[in-house]
Structure formats: structure tokens, C-alpha cells
Amino acid sequence: MKSREQEYREIFLAEALEAYDAMSQHISVLEKKPDDEAALHELFRLMHNLKANARAMGFAEVGELAHRMETIFGLIRSKERAFSGSLVPVMFDGVDTMGSMIRAVNENQPFPDVSTLLENLDRLVSGEELQVETAVVVPSDEDANRKLELSDLVYIQIKKLDHLLNLVGELIIDRDRVLTLSQEIGDPALANVAAHLSRLADDLQYSVMDARLVGVGTLFNKFPRVVRDVATAEQKEVELSISGQDIQIDRNILQIITDALLHLVRNAIGHGMETPAERRKAGKTPEGHLSLSAQTERDDVLIRISDDGRGIDVEAVRRKAVQRGQVSAEVASRLSEGEVYALLFEAGFSTADQVTEISGRGVGLDVVKLAIDSLGGQVRVESRLGEGTTFTLVLPTSIAVKGALLFELEEHSYALPLMHTDSVVSLWPEHLNIVGGMLLAEIQGENVPVVSLRELLSDTDDTLVPASKDTLVGRQDIIITNYNSRKLGLIVDRFLRQQDIVIKPVSQPLDMIDLFGGVTLLGSGQVCLVLDVPALTRLFLARRP
Amino acid sequence: MKNRILIVDDSFYMRTMLKNMLTDAGYDVVGEAANGQQAREMAFEFKPDLITLDVILPDNTGLEVLKDIRQELPDVKIVMCSAVGQEIIVNEALESGASAYIVKPFSEDKVLEIVSTALQSDGDEASA
């Protein structure tokens, strides 16, 4: 886990080691040219920073040494001392000792004894010329054989990592192409090289993805403060618990969900939690409990925001949806709990009658949904009236490469992101029912509407022709998709395989059709359209008979 | 409206700490400058409400930067940051129009107190 303290410590060490290297260089320049003001200024500045940073980190001994060294460099700058005589070896010793101390911090070793050095420096400050024998520090074998050390930590701009990831994406596409070609050509030597290339490309891909990972804690650690501020403003008492900070996720994904998480936490405190008085009345502790947790599940990262507040009033949401004209009263009464929660994510929806200062001025959960959708993720809601609500964000660990299900429709290949795929089934027509012109399949005790993808994608906005079993011949390959708790079965011609794909944005004018989330190139060089499940689900709802 | 802050410090460590403290407290950190040149450019471009300014920078003294920025942006609040031992500069800075000064190492509470006092002040001095 990378806590903020650890992050500070790493930055401190990296900067201190860098400063030590620079100081070693500048003091050598100064020895040859004692009036080199640039070198002197740098020595003074670097010591000054080291002093301040070491003290902030609580390394008082480092701060003490840096303070004395800085004072002397300051005196040299103001011409009250000269960089000559016994001062020179003491200052060299000072810089070297500083290096040892920084290394000691790095390796968790005790600091070397610096009392003689500090005394010598004090005497120099007070203007004493030291006896040569006390001042000269005989270089030990260790000093003479000292290795040069560079910092183990490199700072890198995220855009450089983005570029690297794009290149890897291109490489993966070519890798697949080479693999396909080598199979076609059938030359064993080529097959060998292709297999090796494939392993290298995989390894490179995972290394680059790994380099972009940061602990979820880098975001979670900002929340104690947020919660405190929101709770104070809302006059609520909230106890926050955080877990799973060390779960790793792509830095850009974390960036994209920052606002969504902030929104959910504010909502939980503003709308979800009762006031201390209300809680006591309900037999709860006066302080509400909010938990922020992360865990990995297969390739996904689940982030949960859980409160023990009043929970979502399903009936109130139904009423509100009818009142807003989202659904008819009749439809509203038939919606399942999951479908009711899905309504919360539609634009402008808010059940809170009084919009409070903190919990978002009318900005609904649609903002959260949009952010998560853009990542190809999912939001799940569980709630019990009077007991609390849990929002779960299902996020990919990395952006570029996604698991997808490949299938064929009218001799074209298509892909569906696994993130939105619940299951695949092959059913005989007699296992499908027709209700109200719609095909229904019973999947794990749930009736799921099923539609022919060919018809859904047909070039019209008209209502779908009522389903009939006559057109269905033989076993039907059906992909059960899931978006916002809404399941939909898509009949396709043939399942192909599961594969990691690199999704590229679609160029105009295909881009106008939001049904396609992007394209990917298959090893055969064939272009494969990636279907966007949220858009397909919306299209189905608009066109269903 | 969130108050917008520019951080000027040549140490990445100090900038990181200050940025975390200030963003956690709800301020909008609009930029981080590592030297006097960047400080001027960012100050003129972003026109922040407040600047935290380190007194010792690689290319200029904080004082020079303070005077230049003050001339262009008379309303910006400037909080000087320095480690102990540079009190002479700090006094001169306050005379040249700095709103307050912070002595490193600083505690989070102190920083936030000084920054919020400086933002509310009308040129009065605050210090710690």
C-alpha cells in the first residue's frame, strides 16, 4: 500500500539523493573556482531545501547538519567567510556525511555519528580557524571505493505513459496479424518466431499497463477530509472507514472516477444519512457509518461506497418517475427493484426534495453513470429501506485492452465487451416464449427479453416486427448482455471466441452511430466493430413492440 | 467559488505537500512553479487569488519575483514560505507587499490558517 506518508518519503528520498549528487558536483567546482557564485548559490539553495524537507519528514539530525552547512554557505555568499583553508575539507566531509545520512534513511539504517562534524561546523560559524589535524578527515577505504548511486525513482508524465500504451496497442494488433499469417503460411520457423514475438508483446503490454497502476489509496486518502467537511456542513455525524487502499488501478481510470466518487460520498452523507436525532429515533447509533472499499474481482476493480442510512425508498422513486413522465404509472408498478434503481441514473433525477448545499444542486446520478460508462464499467445499487445503501462501481483495471466476446453476424465479425456480457446460451426455439410480441428466455429464473441482433441493427427506427418462432430455425446462439441491471438477449449467427482486443475510436461518419463503441483489427486483418451495450439497450427500449 | 492558488517552490517534495494540504482543504491549486521564470508566467496566465512563494529559488530570489508579480497583479495575495534562518528576507518581503509568511517545516493547520487569513485580509499582515 502506498499511503501518503510513504509517497512523501519516496519523493523526499528521490529529491534528497538528487540534491546530494548535485551538491557533490557543485562543491568540486567551488574547490577549483572558489568565487563561482552559481555553484555557491546552488549549494546554498539545495542545503536550504534539504533542511526544510528533512525537518518536515521528522529527520531532525539531517535537518541539523543541513542547517549548519547552509549557514556557512550563506556566510560565504555574504563574503564573511571564504571557501579556503580548513573550511574546505570540513565542508566536503559535510556533503559526504549528508549523502551517508540520506542513504541511511533509504535503507532504514541508523544515522552515522556526526557530533565531531557538527562541532567543527559550529566552530567555523563562529569564525575559528581549525587546526588542520582536527579538520582534515582522512578518507576511509569506503569513501575511496564509494559507488555512485542514482535515485531508484523516476517521475514520468502520464502523457508519456499514454503514448507508450498507444504504441503497445498498435503492436498487439500487428502481433495478432503475424500470428494469423504464420498459421496460414505454415512454416515452422516462422511459427516459432511468431510465438516468441507474441509472448514478448504480451509481456510488454502487461509491463506498460503495470507501470500505469497506482493504489486506490491515492484517491481514498483524500476522503477523510471531504467526509469531515460535508458532515459538518450537513450537521451529520459520520464515521468513515476505508479499506483496500492498496488495490491497484490505472491512474487515468482513477482520475476519471474522482468526481463520481466525490458525488456518491456527498450524496450518501447529504441524502442517505439521517441526522443524529433521526438515527436515535430509529434505534441506530447517532453517528452514521460510511465505508469506502476496494477489491479486485477477476480483471475488474470493485469500488464500494456503503452507508447505513435511510436506504432508497423504492416507492418514492416510482412515484417520482411517474411524476416526471419517465414511465407510466402502470409500467412503474411492474418495474423490478433493479429497474427502479436504474431510473435514479437518468438525467435530472433526484428524490431529495430539498437540495442541500453540499449534496449536489440537482445534479443527479447521471453524471456518475456517464463517467463509469465512458470507462466501459458498471454501477450496481443495493439498498434496504431503513438500513442503508451500497453503490458498487465495477471498473476495468486498465484502459486499453478489454476482454471481448467475438461473434459473427451476416459474415461479419463483431465484438461485445465482456464487461457487459452476462452469459452466452444456445437455446432451441421451444425454450423461448412469446409475450406481447416479444421473445423471452428464462435465464436463471429470470425472464430476459431476446431480440435478433440483425433486426435490431436494421436500418430503420421503426418498431420491431412482433416476434414469431417461425423465423427461428435450429439452436439459437444468444448473448445475454447486462447494462444498468437491464438484461437483453441478442441472437447472433455464431459465437466465435473470447479474446483481448484493443479498441480504437471509430472515425466519421460511422461515429455518428453511437451503437459502435469502436473498432478493433483482428489478426486476419479484418475490421471488427465493437458494439456498445448501453446504446443497444437504449435502442431496444425505443423500438420494442 | 473555490479560491485559486499558485504554488511556487523549487522542491518537488514541498510542492507536493502544499498541494495536498491545499486541495484537501478545498482550494483549487491552479499551478506549481519550480522557479522564478515559471512563477511569473503562471501568475500572469492564471491570475490566482493567492500565491505561496518560496524565498529561495534557483534563478531569482523570491523577493524579485514578489516585486514583479505585485506590480502586474496588485490584488493577488502572496504568502512567503521559508525555512528558519531567512527572517531578514521575510521582513523585507512583508514590506514589499507579501500578505503573510510561513516558516518551514509547517503544520497543515498552520498553513490553512495563514492561507485563509490572507485570503480574507485587505492587505493586512498575518504571520506565524
# chains A, B, ... in the order shown; residues from 1 in each chain; ligands from 1
>>> residues_around(residues="Phe540 (chain A)", least_positions_apart="5", cutoff="9 Å", atoms="only C-alpha atoms", output="list in words")
Val451, Leu456, Leu464, Leu488 and Ala535 of chain A
>>> write_last_selection(atoms="C-alpha atoms", output="short mmCIF file (atom, residue, chain, number, x, y, z; two decimals), in the first residue's frame")
data_model
loop_
_atom_site.label_atom_id
_atom_site.label_comp_id
_atom_site.auth_asym_id
_atom_site.auth_seq_id
_atom_site.Cartn_x
_atom_site.Cartn_y
_atom_site.Cartn_z
CA VAL A 451 -34.13 -9.94 -29.91
CA LEU A 456 -32.23 -4.58 -34.12
CA LEU A 464 -39.65 -4.05 -34.31
CA LEU A 488 -31.12 -8.27 -23.00
CA ALA A 535 -26.61 2.17 -26.76
#
>>> residues_around(residues="Asp250 (chain A)", least_positions_apart="3", cutoff="9 Å", atoms="only C-alpha atoms", output="PyMOL selection string")
chain A and resi 209-215+253-255+396-399
>>> interface_residues(of="chain A", to="chain B", cutoff="9 Å", atoms="only C-alpha atoms", output="MDAnalysis selection string")
chainID A and resid 8:9 11:12 15 41:42 45:46 48:57 67 71 222:223 225:226 229
>>> write_last_selection(atoms="C-alpha atoms", output="PDB file, in the first residue's frame")
ATOM      1  CA  TYR A   8       6.146  11.694   0.785  1.00  0.00           C
ATOM      2  CA  ARG A   9       9.005   9.537   1.924  1.00  0.00           C
ATOM      3  CA  ILE A  11       9.610  11.848  -3.006  1.00  0.00           C
ATOM      4  CA  PHE A  12      11.817  13.120  -0.177  1.00  0.00           C
ATOM      5  CA  GLU A  15      14.865  14.581  -4.225  1.00  0.00           C
ATOM      6  CA  HIS A  41      24.045  29.656  -4.851  1.00  0.00           C
ATOM      7  CA  GLU A  42      23.053  26.112  -5.793  1.00  0.00           C
ATOM      8  CA  ARG A  45      19.661  26.538  -2.153  1.00  0.00           C
ATOM      9  CA  LEU A  46      19.914  22.735  -2.105  1.00  0.00           C
ATOM     10  CA  HIS A  48      18.173  25.026   2.379  1.00  0.00           C
ATOM     11  CA  ASN A  49      15.596  22.746   0.739  1.00  0.00           C
ATOM     12  CA  LEU A  50      17.117  19.665   2.308  1.00  0.00           C
ATOM     13  CA  LYS A  51      16.886  21.274   5.715  1.00  0.00           C
ATOM     14  CA  ALA A  52      13.236  22.216   5.306  1.00  0.00           C
ATOM     15  CA  ASN A  53      12.234  18.880   3.790  1.00  0.00           C
ATOM     16  CA  ALA A  54      14.169  16.790   6.340  1.00  0.00           C
ATOM     17  CA  ARG A  55      12.533  18.654   9.195  1.00  0.00           C
ATOM     18  CA  ALA A  56       9.100  18.200   7.648  1.00  0.00           C
ATOM     19  CA  MET A  57       9.835  14.462   7.421  1.00  0.00           C
ATOM     20  CA  HIS A  67      21.166  23.919   8.787  1.00  0.00           C
ATOM     21  CA  THR A  71      24.653  28.823   7.407  1.00  0.00           C
ATOM     22  CA  LYS A 222      -8.436  12.386   0.243  1.00  0.00           C
ATOM     23  CA  PHE A 223     -11.797  11.349   1.647  1.00  0.00           C
ATOM     24  CA  ARG A 225     -11.165  15.403   4.883  1.00  0.00           C
ATOM     25  CA  VAL A 226     -14.067  15.522   2.409  1.00  0.00           C
ATOM     26  CA  ASP A 229     -16.286  18.857   5.747  1.00  0.00           C
TER      27      ASP A 229
END
>>> residues_around(residues="Leu73 (chain B)", least_positions_apart="5", cutoff="10 Å", atoms="only C-alpha atoms", output="PDB file with C-alpha atoms, in the first residue's frame")
ATOM      1  CA  ALA B  43       0.951  34.042 -12.185  1.00  0.00           C
ATOM      2  CA  PHE B  44       0.241  36.249 -15.205  1.00  0.00           C
ATOM      3  CA  LYS B  47      -4.176  35.235 -12.184  1.00  0.00           C
ATOM      4  CA  PRO B  48      -4.610  33.228  -8.975  1.00  0.00           C
ATOM      5  CA  ASP B  49      -6.175  34.594  -5.802  1.00  0.00           C
ATOM      6  CA  LYS B  67       8.034  42.576  -6.664  1.00  0.00           C
ATOM      7  CA  ASP B  68       7.412  41.694 -10.324  1.00  0.00           C
TER       8      ASP B  68
END
>>> select_by_dssp(residues="region 13-188 of chain A", states="helix (DSSP H, G or I)", output="VMD selection string")
chain A and resid 13 to 32 37 to 57 60 to 77 87 to 106 115 to 125 132 to 135 141 to 144 158 to 185 188
>>> atom_distance(atom1="CA of Leu124 (chain A)", atom2="CA of Asp96 (chain A)")
17.6 Å
>>> atom_distance(atom1="CA of Pro224 (chain A)", atom2="CA of Thr390 (chain A)")
18.4 Å
>>> residues_around(residues="region 194-203 of chain A", least_positions_apart="4", cutoff="8 Å", atoms="only C-alpha atoms", output="JSON, numbers by chain")
{"A": [168, 171, 172, 175, 176, 178, 179, 182, 190, 207]}
>>> atom_distance(atom1="CA of Val193 (chain A)", atom2="CA of Leu164 (chain A)")
23.4 Å
>>> residues_around(residues="Leu40 (chain A)", least_positions_apart="3", cutoff="8 Å", atoms="only C-alpha atoms", output="ChimeraX atom specification")
/A:26-27,30,36-37,43-44,73,77
